[in-house]
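Here the structure is laid out as structure tokens; the discussion comes afterwards.
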Amino acid sequence: MCTTCGCPTTDHDHDNSHEQKHTNGVKHAHHHDAKPVKRSIITIEEDILSKNNRLASFNRALFKDKGIFVLNLVSSPGSGKTSLLERTLRDLSEKLRCAVIEGDQQTDNDARRIAATGVPVRQINTGSGCHLDAHMIMNGTDGFDLDNLDLLLIENVGNLVCPAAFDLGEQHKVAVLSVTEGEDKPLKYPQMFRNSTVMLLNKTDLLPHLDFDVEKCKQYARNVSPGILIFEVSAKSGEGMEAWYQWLKDGAEKG
Ligand SMILES: Nc1nc2c(ncn2[C@@H]2O[C@H](COP(=O)(O)OP(=O)(O)O)[C@@H](O)[C@H]2O)c(=O)[nH]1
Ligand SMILES: [Mg+2]
């Protein structure tokens with residue numbers, strides 16, 4: 001567990017995002033090898049995760065009962081999650097009954113963008129929290145007409161570490177990686193890609209301007225997650241979106 005942010009991931013590095021978030025530029029000392037601290041951390045981690053897993057199982061059973069296909073979009077900030085959702089909803093919301101939960105630390109900017117598509121949306125602000133959890137989703141679905149929903153799309157807080165550890169009761173995690181982030185991210189943040197069924201490789205319209213190696217990136221993703229499905233897409237141009245839509249429609253049909 002990260003002693004700085006309290007998230008229960010055990011194998012992540014204390015990368016810049018953690019250091020910046022918690023220390024505002026001041027280097028923070030971590031004492032993972034101090035025995036008394038370690039023992040209490042393990043106990044707390046088990047408590048947090050087991051409580052979350054119980055609530056996630058409840059959510060999953062509810063979604064299954066209602067026949068709703070639920071996806072949890074995870075990525076670093078700015079990879080294009082909201083843009084992909086906006087385009088997907090504009091293209092699919094006449095064929096599928098959709099709703100969205102937006103997770104961000106602050107602001108309802110993304111919820112406003114989704115609301116402009118006409119799809120029901122709830123914003124969850126996590127404050128200093130770096131991920132959504134199952135309890136937030138339980139509250140967030142309150143007010144949606146679950147009996148008349150085919151697809152629930154959850155945009156998690158932008159962060160390639162902590163959201164990987166928290167089951168929300170979704171059917172699948174979908175990792176979004178944009179070509180401006182570098183092809184090595186699946187190797188650097190393996191848990192995120194290992195726990196995801198799909199990788200959306202976004203912003204392919206920018207490839208002519210970058211050195212990004214698509215084949216290398218796909219190989220890295222498959223090294224950590226051999227069965228991962230990869231769709232190369234551009235939320236901006238719409239290129240490649242049809243294959244993603246077909247996967248969504250097939251999943252929503254099964255419920
Ligand atoms: N060129 C290009 N820009 C994109 C694409 N998708 C998103 N963006 C831009 O990337 C920035 C972040 O997008 P946003 O959807 O807010 O990312 P989020 O933080 O993951 O939700 C915005 O300026 C978008 O216009 C894309 O496919 N191509
Ligand atoms: Mg967003």
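Residues in the structure tokens are named by chain (A, B, ... in the order shown) and by number from 1 within that chain; ligands are numbered from 1 in the order shown.
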
Pick out each residue of region 36-219 of chain A that DSSP on the backbone tags as helix (DSSP H, G or I); I need them as a ChimeraX atom specification. /A:36-66,81-92,109-115,134-140,146-148,162-165,185-188,190-194,204-209,214-219

For region 188-198 of chain A, please output as a CSV table (one decimal) with N, CA, C and O atoms, in the first residue's frame all residues within 9 Å (counting only C-alpha atoms; exclusion window: fewer than 2 positions along the same chain).
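Generated output (around-v2.csv):
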chain,number,residue,atom,x,y,z
A,11,ASP,N,2.7,-2.9,-5.6
A,11,ASP,CA,3.9,-3.0,-6.5
A,11,ASP,C,4.2,-1.8,-7.3
A,11,ASP,O,4.9,-1.9,-8.3
A,12,HIS,N,3.6,-0.6,-7.0
A,12,HIS,CA,3.9,0.5,-7.8
A,12,HIS,C,5.1,1.3,-7.3
A,12,HIS,O,5.4,1.3,-6.1
A,74,VAL,N,-10.0,3.4,-17.8
A,74,VAL,CA,-8.8,3.8,-16.9
A,74,VAL,C,-7.7,4.3,-17.8
A,74,VAL,O,-7.5,3.8,-18.9
A,75,SER,N,-7.0,5.3,-17.4
A,75,SER,CA,-5.9,5.9,-18.1
A,75,SER,C,-5.2,7.0,-17.4
A,75,SER,O,-5.7,7.4,-16.3
A,160,LEU,N,-2.6,6.1,-13.8
A,160,LEU,CA,-2.3,4.8,-14.3
A,160,LEU,C,-2.0,3.7,-13.2
A,160,LEU,O,-1.6,2.6,-13.5
A,161,VAL,N,-2.1,4.1,-12.0
A,161,VAL,CA,-1.7,3.2,-10.9
A,161,VAL,C,-2.9,2.7,-10.1
A,161,VAL,O,-3.4,1.6,-10.2
A,162,CYS,N,-3.5,3.6,-9.2
A,162,CYS,CA,-4.5,3.2,-8.2
A,162,CYS,C,-5.7,2.6,-8.8
A,162,CYS,O,-6.3,1.6,-8.2
A,163,PRO,N,-6.3,3.1,-9.9
A,163,PRO,CA,-7.6,2.6,-10.3
A,163,PRO,C,-7.5,1.1,-10.7
A,163,PRO,O,-8.5,0.4,-10.7
A,164,ALA,N,-6.3,0.6,-11.0
A,164,ALA,CA,-6.1,-0.8,-11.4
A,164,ALA,C,-6.4,-1.7,-10.2
A,164,ALA,O,-6.8,-2.9,-10.5
A,165,ALA,N,-6.3,-1.2,-9.0
A,165,ALA,CA,-6.5,-2.1,-7.8
A,165,ALA,C,-7.9,-2.2,-7.4
A,165,ALA,O,-8.2,-3.1,-6.5
A,172,HIS,N,-15.7,-5.2,-17.4
A,172,HIS,CA,-14.3,-5.1,-18.0
A,172,HIS,C,-13.7,-3.7,-17.6
A,172,HIS,O,-14.4,-2.7,-17.7
A,173,LYS,N,-12.4,-3.7,-17.4
A,173,LYS,CA,-11.7,-2.4,-17.5
A,173,LYS,C,-11.2,-2.2,-18.9
A,173,LYS,O,-10.8,-3.2,-19.6
A,174,VAL,N,-11.2,-1.0,-19.3
A,174,VAL,CA,-10.8,-0.6,-20.7
A,174,VAL,C,-9.6,0.4,-20.5
A,174,VAL,O,-9.9,1.5,-20.0
A,175,ALA,N,-8.4,0.1,-20.8
A,175,ALA,CA,-7.3,1.0,-20.6
A,175,ALA,C,-7.2,1.8,-21.9
A,175,ALA,O,-7.1,1.3,-23.0
A,176,VAL,N,-7.1,3.2,-21.7
A,176,VAL,CA,-6.9,4.1,-22.8
A,176,VAL,C,-5.5,4.6,-22.8
A,176,VAL,O,-5.0,5.0,-21.7
A,184,ASP,N,6.1,2.6,-24.1
A,184,ASP,CA,6.5,1.7,-23.0
A,184,ASP,C,5.5,1.7,-21.8
A,184,ASP,O,5.8,1.0,-20.8
A,185,LYS,N,4.4,2.5,-21.8
A,185,LYS,CA,3.6,2.5,-20.7
A,185,LYS,C,3.0,1.2,-20.2
A,185,LYS,O,2.9,1.0,-19.0
A,186,PRO,N,2.7,0.3,-21.1
A,186,PRO,CA,2.2,-1.0,-20.6
A,186,PRO,C,3.3,-1.7,-19.7
A,186,PRO,O,3.0,-2.5,-18.8
A,200,LEU,N,-7.5,0.7,-25.7
A,200,LEU,CA,-7.9,1.6,-26.8
A,200,LEU,C,-6.6,2.5,-27.0
A,200,LEU,O,-6.2,3.3,-26.1
A,221,ALA,N,2.1,-4.4,-24.7
A,221,ALA,CA,0.8,-4.6,-24.0
A,221,ALA,C,0.6,-6.1,-23.9
A,221,ALA,O,0.1,-6.6,-22.9
A,222,ARG,N,0.9,-6.8,-25.0
A,222,ARG,CA,0.7,-8.3,-25.0
A,222,ARG,C,1.7,-9.0,-24.1
A,222,ARG,O,1.4,-10.1,-23.6
A,224,VAL,N,2.6,-8.1,-21.2
A,224,VAL,CA,2.0,-8.1,-19.8
A,224,VAL,C,0.6,-8.6,-19.7
A,224,VAL,O,0.1,-9.1,-18.7
A,225,SER,N,-0.1,-8.7,-20.9
A,225,SER,CA,-1.5,-9.2,-20.9
A,225,SER,C,-1.7,-9.8,-22.3
A,225,SER,O,-2.2,-9.2,-23.2
A,226,PRO,N,-1.3,-11.1,-22.4
A,226,PRO,CA,-1.3,-11.8,-23.7
A,226,PRO,C,-2.7,-11.7,-24.4
A,226,PRO,O,-2.7,-11.6,-25.6
A,227,GLY,N,-3.8,-11.8,-23.7
A,227,GLY,CA,-5.1,-11.8,-24.4
A,227,GLY,C,-5.7,-10.5,-24.6
A,227,GLY,O,-6.9,-10.4,-25.1
A,228,ILE,N,-5.0,-9.4,-24.3
A,228,ILE,CA,-5.7,-8.0,-24.4
A,228,ILE,C,-6.1,-7.7,-25.8
A,228,ILE,O,-5.4,-8.0,-26.8
A,229,LEU,N,-7.3,-7.2,-25.9
A,229,LEU,CA,-7.9,-6.8,-27.2
A,229,LEU,C,-7.4,-5.3,-27.5
A,229,LEU,O,-7.5,-4.5,-26.6
A,230,ILE,N,-6.9,-5.1,-28.7
A,230,ILE,CA,-6.4,-3.7,-28.9
A,230,ILE,C,-7.2,-3.1,-30.1
A,230,ILE,O,-7.2,-3.7,-31.2
A,231,PHE,N,-7.7,-1.9,-29.9
A,231,PHE,CA,-8.3,-1.1,-31.0
A,231,PHE,C,-7.5,0.1,-31.2
A,231,PHE,O,-7.3,0.9,-30.2

Taking only C-alpha atoms into account, produce a table as JSON lines in which each residue of region 158-234 of chain A with an atom at most 8 Å from an atom of region 239-250 of chain A appears once, together with its shortest atom pair and the distance in Å to one decimal, ordered by chain and rising number.
{"residue": "A:Thr204", "atom": "CA", "partner": "A:Glu239", "partner_atom": "CA", "distance": 8.0}
{"residue": "A:Asp205", "atom": "CA", "partner": "A:Glu239", "partner_atom": "CA", "distance": 7.9}
{"residue": "A:Phe231", "atom": "CA", "partner": "A:Trp244", "partner_atom": "CA", "distance": 6.5}
{"residue": "A:Glu232", "atom": "CA", "partner": "A:Gly240", "partner_atom": "CA", "distance": 5.8}
{"residue": "A:Val233", "atom": "CA", "partner": "A:Gly240", "partner_atom": "CA", "distance": 4.5}
{"residue": "A:Ser234", "atom": "CA", "partner": "A:Glu239", "partner_atom": "CA", "distance": 5.3}

Restricted to C-alpha atoms, what would the selected residues look like written as a tab-separated table (two decimals), in the first residue's frame?
chain	number	residue	atom	x	y	z
A	204	THR	CA	-3.77	7.76	-33.99
A	205	ASP	CA	-4.40	10.87	-36.13
A	231	PHE	CA	-8.33	-1.14	-30.96
A	232	GLU	CA	-6.41	1.64	-32.69
A	233	VAL	CA	-8.68	4.67	-32.67
A	234	SER	CA	-8.89	8.41	-33.03

Hey, which residues sit close to ligand 1? Say within 6 Å, counting only C-alpha atoms and all ligand atoms, and write them as a VMD selection string. chain A and resid 77 to 83 202 to 203 205 to 206 234 to 236

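Taking CA of Gly251 (chain A) as the reference point, CA of Asp104 (chain A) is found at 26.1 Å.
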
Can you pull out every residue with an atom within 12 Å of ligand 2? Use only C-alpha atoms and all ligand atoms and format it as a VMD selection string. chain A and resid 73 to 86 100 to 114 123 154 to 159 176

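CA of Gln219 (chain A) lies 9.9 Å from CA of Leu187 (chain A).
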
Residues of region 109-156 of chain A classed as strand (DSSP E) by DSSP on the backbone are to be reported as a PDB file with all heavy atoms, in the first residue's frame.
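Output contents, as saved in result.pdb:
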ATOM      1  N   VAL A 121     -25.882  11.468 -16.931  1.00  0.00           N
ATOM      2  CA  VAL A 121     -24.522  11.421 -16.388  1.00  0.00           C
ATOM      3  C   VAL A 121     -24.521  11.841 -14.925  1.00  0.00           C
ATOM      4  O   VAL A 121     -25.311  12.693 -14.525  1.00  0.00           O
ATOM      5  CB  VAL A 121     -23.571  12.320 -17.237  1.00  0.00           C
ATOM      6  CG1 VAL A 121     -24.041  13.763 -17.296  1.00  0.00           C
ATOM      7  CG2 VAL A 121     -22.126  12.250 -16.742  1.00  0.00           C
ATOM      8  N   ARG A 122     -23.658  11.223 -14.137  1.00  0.00           N
ATOM      9  CA  ARG A 122     -23.424  11.617 -12.742  1.00  0.00           C
ATOM     10  C   ARG A 122     -21.943  11.921 -12.584  1.00  0.00           C
ATOM     11  O   ARG A 122     -21.108  11.156 -13.056  1.00  0.00           O
ATOM     12  CB  ARG A 122     -23.741  10.485 -11.760  1.00  0.00           C
ATOM     13  CG  ARG A 122     -25.152   9.987 -11.785  1.00  0.00           C
ATOM     14  CD  ARG A 122     -26.027  10.751 -10.789  1.00  0.00           C
ATOM     15  NE  ARG A 122     -27.411  10.312 -10.948  1.00  0.00           N
ATOM     16  CZ  ARG A 122     -28.216  10.703 -11.940  1.00  0.00           C
ATOM     17  NH1 ARG A 122     -27.794  11.557 -12.846  1.00  0.00           N
ATOM     18  NH2 ARG A 122     -29.442  10.257 -12.030  1.00  0.00           N
ATOM     19  N   GLN A 123     -21.632  13.000 -11.890  1.00  0.00           N
ATOM     20  CA  GLN A 123     -20.221  13.327 -11.603  1.00  0.00           C
ATOM     21  C   GLN A 123     -19.905  12.922 -10.170  1.00  0.00           C
ATOM     22  O   GLN A 123     -20.676  13.224  -9.247  1.00  0.00           O
ATOM     23  CB  GLN A 123     -19.993  14.836 -11.757  1.00  0.00           C
ATOM     24  CG  GLN A 123     -18.593  15.303 -11.425  1.00  0.00           C
ATOM     25  CD  GLN A 123     -17.591  15.025 -12.539  1.00  0.00           C
ATOM     26  OE1 GLN A 123     -17.806  15.370 -13.680  1.00  0.00           O
ATOM     27  NE2 GLN A 123     -16.465  14.382 -12.177  1.00  0.00           N
ATOM     28  N   ILE A 124     -18.812  12.224  -9.973  1.00  0.00           N
ATOM     29  CA  ILE A 124     -18.319  11.929  -8.626  1.00  0.00           C
ATOM     30  C   ILE A 124     -16.986  12.646  -8.462  1.00  0.00           C
ATOM     31  O   ILE A 124     -16.055  12.408  -9.239  1.00  0.00           O
ATOM     32  CB  ILE A 124     -18.111  10.414  -8.411  1.00  0.00           C
ATOM     33  CG1 ILE A 124     -19.439   9.663  -8.558  1.00  0.00           C
ATOM     34  CG2 ILE A 124     -17.493  10.140  -7.036  1.00  0.00           C
ATOM     35  CD1 ILE A 124     -19.303   8.152  -8.509  1.00  0.00           C
ATOM     36  N   ASN A 125     -16.901  13.528  -7.466  1.00  0.00           N
ATOM     37  CA  ASN A 125     -15.619  14.174  -7.159  1.00  0.00           C
ATOM     38  C   ASN A 125     -14.977  13.448  -5.989  1.00  0.00           C
ATOM     39  O   ASN A 125     -15.585  13.321  -4.922  1.00  0.00           O
ATOM     40  CB  ASN A 125     -15.811  15.667  -6.844  1.00  0.00           C
ATOM     41  CG  ASN A 125     -16.109  16.487  -8.081  1.00  0.00           C
ATOM     42  OD1 ASN A 125     -17.016  17.298  -8.109  1.00  0.00           O
ATOM     43  ND2 ASN A 125     -15.348  16.278  -9.139  1.00  0.00           N
ATOM     44  N   LEU A 151     -25.974   0.015 -21.367  1.00  0.00           N
ATOM     45  CA  LEU A 151     -24.528   0.242 -21.261  1.00  0.00           C
ATOM     46  C   LEU A 151     -24.241   1.336 -20.238  1.00  0.00           C
ATOM     47  O   LEU A 151     -24.773   2.440 -20.347  1.00  0.00           O
ATOM     48  CB  LEU A 151     -24.016   0.677 -22.653  1.00  0.00           C
ATOM     49  CG  LEU A 151     -22.545   0.987 -22.830  1.00  0.00           C
ATOM     50  CD1 LEU A 151     -21.677  -0.234 -22.560  1.00  0.00           C
ATOM     51  CD2 LEU A 151     -22.286   1.493 -24.261  1.00  0.00           C
ATOM     52  N   LEU A 152     -23.423   1.003 -19.238  1.00  0.00           N
ATOM     53  CA  LEU A 152     -22.969   2.010 -18.254  1.00  0.00           C
ATOM     54  C   LEU A 152     -21.461   2.173 -18.417  1.00  0.00           C
ATOM     55  O   LEU A 152     -20.703   1.209 -18.273  1.00  0.00           O
ATOM     56  CB  LEU A 152     -23.309   1.556 -16.828  1.00  0.00           C
ATOM     57  CG  LEU A 152     -22.767   2.448 -15.702  1.00  0.00           C
ATOM     58  CD1 LEU A 152     -23.341   3.866 -15.769  1.00  0.00           C
ATOM     59  CD2 LEU A 152     -23.067   1.819 -14.327  1.00  0.00           C
ATOM     60  N   LEU A 153     -21.045   3.399 -18.741  1.00  0.00           N
ATOM     61  CA  LEU A 153     -19.628   3.687 -18.954  1.00  0.00           C
ATOM     62  C   LEU A 153     -19.120   4.532 -17.791  1.00  0.00           C
ATOM     63  O   LEU A 153     -19.695   5.580 -17.481  1.00  0.00           O
ATOM     64  CB  LEU A 153     -19.454   4.437 -20.278  1.00  0.00           C
ATOM     65  CG  LEU A 153     -19.883   3.633 -21.521  1.00  0.00           C
ATOM     66  CD1 LEU A 153     -20.159   4.547 -22.706  1.00  0.00           C
ATOM     67  CD2 LEU A 153     -18.808   2.616 -21.876  1.00  0.00           C
ATOM     68  N   ILE A 154     -18.065   4.059 -17.155  1.00  0.00           N
ATOM     69  CA  ILE A 154     -17.506   4.765 -15.993  1.00  0.00           C
ATOM     70  C   ILE A 154     -16.139   5.322 -16.391  1.00  0.00           C
ATOM     71  O   ILE A 154     -15.254   4.567 -16.812  1.00  0.00           O
ATOM     72  CB  ILE A 154     -17.334   3.797 -14.796  1.00  0.00           C
ATOM     73  CG1 ILE A 154     -18.677   3.174 -14.415  1.00  0.00           C
ATOM     74  CG2 ILE A 154     -16.716   4.527 -13.612  1.00  0.00           C
ATOM     75  CD1 ILE A 154     -18.560   1.999 -13.447  1.00  0.00           C
ATOM     76  N   GLU A 155     -15.975   6.635 -16.287  1.00  0.00           N
ATOM     77  CA  GLU A 155     -14.644   7.231 -16.515  1.00  0.00           C
ATOM     78  C   GLU A 155     -13.966   7.400 -15.168  1.00  0.00           C
ATOM     79  O   GLU A 155     -14.413   8.191 -14.330  1.00  0.00           O
ATOM     80  CB  GLU A 155     -14.751   8.588 -17.238  1.00  0.00           C
ATOM     81  CG  GLU A 155     -13.357   9.204 -17.421  1.00  0.00           C
ATOM     82  CD  GLU A 155     -13.323  10.505 -18.212  1.00  0.00           C
ATOM     83  OE1 GLU A 155     -14.283  10.808 -18.947  1.00  0.00           O
ATOM     84  OE2 GLU A 155     -12.299  11.217 -18.091  1.00  0.00           O
TER      85      GLU A 155
END

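In this model, the gap between CA of Ala134 (chain A) and CA of Ala56 (chain A) comes to 5.1 Å.
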
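The shortest atom-to-atom distance to Glu94 (chain A), with only C-alpha atoms taken into account, belongs to A:Val119 out of A:Val179, A:Leu210, A:Val70, A:Val119.
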
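Counting only C-alpha atoms, Met136 (chain A) has the following residues at most 9 Å away, ignoring those fewer than 3 positions along the same chain: A:Ile124, A:Thr126, A:Leu132, A:Asp133, A:Asn139, A:Gly140, A:Thr141, A:Leu168.
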